[in-house]
file run-v2.tsv (TSV, C-alpha atoms)
chain	number	residue	atom	x	y	z
D	105	MET	CA	-8.97	-7.52	-20.76
D	106	THR	CA	-6.79	-4.47	-21.29
D	107	VAL	CA	-5.33	-2.09	-18.76
D	108	ALA	CA	-7.52	0.62	-20.32
D	109	GLU	CA	-10.59	-1.17	-18.94
D	110	ILE	CA	-9.26	-0.67	-15.41
D	111	VAL	CA	-10.32	2.60	-13.83
D	112	ILE	CA	-8.79	4.14	-10.69
D	113	GLU	CA	-11.17	5.97	-8.38
D	114	HIS	CA	-11.55	6.99	-4.76
D	115	LEU	CA	-13.19	4.34	-2.58
D	116	LYS	CA	-16.87	4.95	-1.99
D	117	GLU	CA	-18.39	4.07	1.36
D	118	GLU	CA	-20.69	1.48	-0.20
D	119	ASP	CA	-17.61	-0.37	-1.55
D	120	TYR	CA	-15.81	-0.71	1.82
D	121	ALA	CA	-16.80	-4.36	2.34
D	122	SER	CA	-15.74	-5.38	-1.17
D	123	TYR	CA	-12.46	-3.50	-0.84
D	124	LEU	CA	-11.74	-5.14	2.51
D	125	GLU	CA	-12.34	-8.59	1.02
D	126	VAL	CA	-9.97	-7.80	-1.89
D	127	LEU	CA	-7.33	-6.54	0.53
D	128	VAL	CA	-7.51	-9.62	2.76
D	129	GLU	CA	-7.40	-11.96	-0.25
D	130	SER	CA	-4.50	-10.07	-1.81
D	131	TYR	CA	-2.41	-10.47	1.36
D	132	ALA	CA	-3.41	-14.11	2.02
D	133	GLN	CA	-0.38	-15.28	0.04
D	134	TYR	CA	1.85	-14.15	2.93
D	135	GLU	CA	0.16	-16.24	5.62
D	136	LYS	CA	2.67	-19.09	5.16
D	137	GLU	CA	5.51	-16.65	5.95
D	138	TYR	CA	4.23	-16.26	9.51
D	139	GLU	CA	5.44	-19.03	11.80
D	140	ASN	CA	3.21	-17.91	14.65
D	141	PRO	CA	-0.54	-18.00	13.87
D	142	GLU	CA	-1.14	-15.19	16.37
D	143	ASP	CA	1.22	-12.91	14.41
D	144	TRP	CA	-0.73	-13.62	11.23
D	145	ALA	CA	-4.05	-13.00	13.01
D	146	SER	CA	-2.70	-9.70	14.33
D	147	TYR	CA	-1.55	-8.70	10.83
D	148	LEU	CA	-4.99	-9.50	9.39
D	149	SER	CA	-6.61	-7.53	12.17
D	150	ASP	CA	-4.42	-4.52	11.31
D	151	ILE	CA	-5.43	-4.82	7.65
D	152	ARG	CA	-9.13	-4.97	8.53
D	153	ALA	CA	-8.85	-1.97	10.87
D	154	SER	CA	-7.02	0.05	8.21
D	155	VAL	CA	-10.04	0.35	5.95
D	156	GLY	CA	-11.79	2.65	8.38
D	157	ASN	CA	-8.63	4.52	9.39
D	158	PRO	CA	-9.62	8.19	9.71
D	159	ASN	CA	-5.99	9.23	9.19
D	160	ALA	CA	-5.98	8.05	5.56
D	161	GLU	CA	-6.23	10.95	3.17
D	162	THR	CA	-7.91	8.69	0.63
D	163	ILE	CA	-8.16	5.10	-0.56
D	164	LEU	CA	-7.73	4.48	-4.26
D	165	VAL	CA	-9.25	1.40	-5.87
D	166	ALA	CA	-8.77	-0.17	-9.26
D	167	LYS	CA	-12.07	-1.26	-10.76
D	168	ARG	CA	-13.15	-3.21	-13.81
D	169	GLY	CA	-16.79	-2.35	-14.13
D	170	ASP	CA	-18.18	-2.72	-10.60
D	171	GLU	CA	-15.49	-5.19	-9.53
D	172	ILE	CA	-12.62	-4.00	-7.32
D	173	LEU	CA	-9.34	-5.62	-8.38
D	174	GLY	CA	-7.00	-3.79	-6.02
D	175	GLY	CA	-6.36	-0.72	-3.98
D	176	LEU	CA	-4.05	1.28	-1.79
D	177	GLN	CA	-4.23	3.88	0.94
D	178	LEU	CA	-2.61	7.30	0.89
D	179	PHE	CA	-1.45	9.18	3.97
D	180	THR	CA	0.08	12.65	4.17
D	181	ASP	CA	2.80	11.98	6.75
D	182	SER	CA	4.44	9.28	8.85
D	183	GLU	CA	2.51	10.14	12.00
D	184	LYS	CA	-0.82	9.57	10.25
D	185	ALA	CA	0.42	6.51	8.35
D	186	TYR	CA	2.22	4.69	11.17
D	187	GLY	CA	1.93	6.76	14.34
D	188	LEU	CA	5.67	7.40	13.91
D	189	PRO	CA	6.34	11.14	13.71
D	190	GLU	CA	10.02	10.38	14.35
D	191	LEU	CA	10.33	9.06	10.78
D	192	ASN	CA	9.86	12.69	9.77
D	193	ILE	CA	8.13	11.96	6.48
D	194	GLN	CA	6.05	14.96	5.45
D	195	SER	CA	5.09	13.56	2.04
D	196	THR	CA	2.51	11.18	0.65
D	197	ILE	CA	2.90	7.60	1.89
D	198	VAL	CA	1.37	4.57	0.18
D	199	ARG	CA	0.12	1.83	2.49
D	200	LEU	CA	-1.42	-1.56	1.92
D	201	LEU	CA	-1.13	-1.78	-1.84
D	202	GLY	CA	-2.96	-4.97	-2.69
D	203	VAL	CA	-4.11	-6.65	-5.88
D	204	HIS	CA	-6.58	-9.53	-5.81
D	205	PRO	CA	-5.10	-12.74	-7.31
D	206	LYS	CA	-7.49	-12.53	-10.28
D	207	GLY	CA	-6.26	-9.00	-11.00
D	208	ARG	CA	-2.55	-9.81	-11.05
D	209	GLY	CA	-0.53	-9.42	-14.21
D	210	LEU	CA	-2.90	-6.79	-15.58
D	211	GLY	CA	-0.93	-3.69	-14.57
D	212	VAL	CA	-3.26	-2.90	-11.66
D	213	ALA	CA	-0.48	-2.08	-9.17
D	214	LYS	CA	1.33	0.12	-11.68
D	215	LYS	CA	-1.84	2.00	-12.48
D	216	LEU	CA	-2.56	2.55	-8.78
D	217	LEU	CA	1.00	3.76	-8.17
D	218	HIS	CA	0.89	6.15	-11.13
D	219	GLU	CA	-2.30	7.65	-9.73
D	220	SER	CA	-0.50	7.97	-6.38
D	221	PHE	CA	2.33	9.87	-8.09
D	222	ALA	CA	-0.25	12.29	-9.51
D	223	PHE	CA	-1.85	12.68	-6.07
D	224	ALA	CA	1.53	13.48	-4.47
D	225	ARG	CA	2.50	15.90	-7.26
D	226	ASN	CA	-0.81	17.68	-6.82
D	227	ARG	CA	0.10	18.13	-3.15
D	228	GLN	CA	3.48	19.48	-4.32
D	229	ASP	CA	5.37	16.74	-2.48
D	230	GLN	CA	9.00	16.23	-3.43
D	231	ALA	CA	8.76	12.46	-3.00
D	232	LEU	CA	6.33	9.61	-2.40
D	233	TYR	CA	7.15	6.87	0.12
D	234	LEU	CA	6.09	3.33	0.77
D	235	HIS	CA	7.28	0.61	3.11
D	236	SER	CA	7.58	-3.12	2.58
D	237	GLY	CA	9.10	-6.24	4.07
D	238	ASP	CA	11.34	-8.92	2.64
D	239	ILE	CA	8.46	-11.38	2.28
D	240	MET	CA	7.01	-9.07	-0.39
D	241	GLN	CA	9.91	-9.42	-2.84
D	242	ALA	CA	7.73	-9.36	-5.97
D	243	ALA	CA	6.26	-6.05	-4.84
D	244	ILE	CA	9.72	-4.66	-4.03
D	245	ASN	CA	10.91	-5.65	-7.51
D	246	LEU	CA	7.98	-3.73	-9.00
D	247	TYR	CA	8.77	-0.65	-6.92
D	248	LEU	CA	12.42	-0.70	-8.00
D	249	SER	CA	11.44	-1.16	-11.66
D	250	LEU	CA	9.26	1.96	-11.42
D	251	GLY	CA	12.13	4.07	-10.07
D	252	PHE	CA	11.73	3.80	-6.31
D	253	VAL	CA	14.99	3.77	-4.34
D	254	ARG	CA	15.57	2.38	-0.89
D	255	ASP	CA	15.75	5.00	1.87
D	256	GLU	CA	17.25	3.35	4.94
D	257	SER	CA	16.87	6.57	6.94
D	258	LYS	CA	13.07	6.06	7.00
D	259	GLU	CA	13.02	2.39	8.04
D	260	PHE	CA	11.72	0.93	11.28
D	261	TYR	CA	11.10	-2.36	13.02
D	262	LYS	CA	7.71	-3.89	13.66
D	263	GLY	CA	8.47	-6.54	16.24
D	264	GLN	CA	11.46	-8.44	14.86
D	265	LYS	CA	10.77	-7.53	11.23
D	266	LEU	CA	12.56	-4.72	9.42
D	267	VAL	CA	10.12	-2.53	7.51
D	268	LYS	CA	12.09	-1.21	4.53
D	269	SER	CA	11.45	2.25	3.13
D	270	PHE	CA	11.31	3.11	-0.56
D	271	ARG	CA	11.17	6.64	-1.99
D	272	TYR	CA	10.07	7.85	-5.41
D	273	GLU	CA	11.36	11.32	-6.37
D	274	LEU	CA	8.65	13.37	-8.02

call {"tool": "encode", "arguments": {"input": "run-v2.tsv", "output": "structure tokens"}}
result
Amino acid sequence: MTVAEIVIEHLKEEDYASYLEVLVESYAQYEKEYENPEDWASYLSDIRASVGNPNAETILVAKRGDEILGGLQLFTDSEKAYGLPELNIQSTIVRLLGVHPKGRGLGVAKKLLHESFAFARNRQDQALYLHSGDIMQAAINLYLSLGFVRDESKEFYKGQKLVKSFRYEL
């Protein structure tokens, strides 16, 4: 399969269930990082609730034919993305970028992020933001390789975990 066979589109309502399954399976690799099973259950619950989040501007999915391989959510500010207006981000924010294990290594995440850059440029944003934690080091390495830089001024804690901020200048 080539990257060209992967198409990025806006999530359609009839694909919500498939997208949710892909999202849960893409994050399952992090379960072992949670010492407390209740914390993991809470995280999964947050992921499931996110799919119907009315504050998301859009959800982009990467598809090969009718199969969803990955996706991400785009928000227009930090209040809508996290309920944290004090972060003062008035630009596009990527949340819950996930690629199903069978879609990894195919450039799916890069393709989704490039479409996110286009979305943010179309909105005339100066930057695009995303947040990640230390357990997602492979993802952080990808972000840095694409030109994201860490922005400590937009970081926050969720419980005891530091949620790191990364910014891409458009």

call {"tool": "atom_distance", "arguments": {"input": "run-v2.tsv", "atom1": "atom CA of D:Thr162", "atom2": "atom CA of D:Gly207"}}
result
21.2 Å

call {"tool": "closest_residue", "arguments": {"input": "run-v2.tsv", "among": "D:Arg227, D:Arg199, D:Lys265, D:Arg254", "to": "D:Tyr138", "atoms": "only C-alpha atoms"}}
result
D:Lys265

call {"tool": "residues_around", "arguments": {"input": "run-v2.tsv", "residues": "D:Leu188", "least_positions_apart": "6", "cutoff": "12 Å", "atoms": "only C-alpha atoms", "output": "ChimeraX atom specification"}}
result
/D:181-182,194,258-262

call {"tool": "closest_atom_pairs", "arguments": {"input": "run-v2.tsv", "of": "stretch 179-266 of chain D", "to": "stretch 142-159 of chain D", "cutoff": "12 Å", "atoms": "only C-alpha atoms", "output": "Markdown table"}}
result
| residue | atom | partner | partner_atom | distance |
| --- | --- | --- | --- | --- |
| D:Phe179 | CA | D:Asn159 | CA | 6.9 |
| D:Thr180 | CA | D:Asn159 | CA | 8.6 |
| D:Asp181 | CA | D:Asn159 | CA | 9.5 |
| D:Ser182 | CA | D:Asn159 | CA | 10.4 |
| D:Glu183 | CA | D:Asn159 | CA | 9.0 |
| D:Lys184 | CA | D:Asn159 | CA | 5.3 |
| D:Ala185 | CA | D:Asn159 | CA | 7.0 |
| D:Tyr186 | CA | D:Asn159 | CA | 9.6 |
| D:Gly187 | CA | D:Asn159 | CA | 9.8 |
| D:Ile197 | CA | D:Asn159 | CA | 11.6 |
| D:Arg199 | CA | D:Ser154 | CA | 9.3 |
| D:Leu200 | CA | D:Ile151 | CA | 7.7 |
| D:Leu201 | CA | D:Ile151 | CA | 10.9 |
| D:Gly202 | CA | D:Ile151 | CA | 10.6 |
| D:Lys262 | CA | D:Tyr147 | CA | 10.8 |
| D:Gly263 | CA | D:Asp143 | CA | 9.8 |
| D:Gln264 | CA | D:Asp143 | CA | 11.2 |
| D:Lys265 | CA | D:Asp143 | CA | 11.4 |

call {"tool": "residues_near_point", "arguments": {"input": "run-v2.tsv", "point": "(10.1, 5.2, -9.9)", "cutoff": "10 Å", "atoms": "all atoms listed in the file", "output": "PyMOL selection string"}}
result
chain D and resi 217-218+221+232+246-253+270-274

call {"tool": "atom_distance", "arguments": {"input": "run-v2.tsv", "atom1": "atom CA of D:Ala166", "atom2": "atom CA of D:Glu219"}}
result
10.2 Å

call {"tool": "atom_distance", "arguments": {"input": "run-v2.tsv", "atom1": "atom CA of D:Lys214", "atom2": "atom CA of D:Gln228"}}
result
20.8 Å

call {"tool": "axis_aligned_box", "arguments": {"input": "run-v2.tsv", "around": "stretch 168-178 of chain D", "padding_each_side": "8 Å", "output": "JSON"}}
result
{"center_x": -10.4, "center_y": 0.8, "center_z": -6.6, "size_x": 31.6, "size_y": 28.9, "size_z": 31.1}

call {"tool": "closest_residue", "arguments": {"input": "run-v2.tsv", "among": "D:Ala243, D:Leu178, D:Val203, D:Val198", "to": "D:Tyr131", "atoms": "all atoms listed in the file"}}
result
D:Val203

call {"tool": "closest_residue", "arguments": {"input": "run-v2.tsv", "among": "D:Thr196, D:Gln241, D:Ser122, D:Ser257", "to": "D:Ala160", "atoms": "all atoms listed in the file"}}
result
D:Thr196
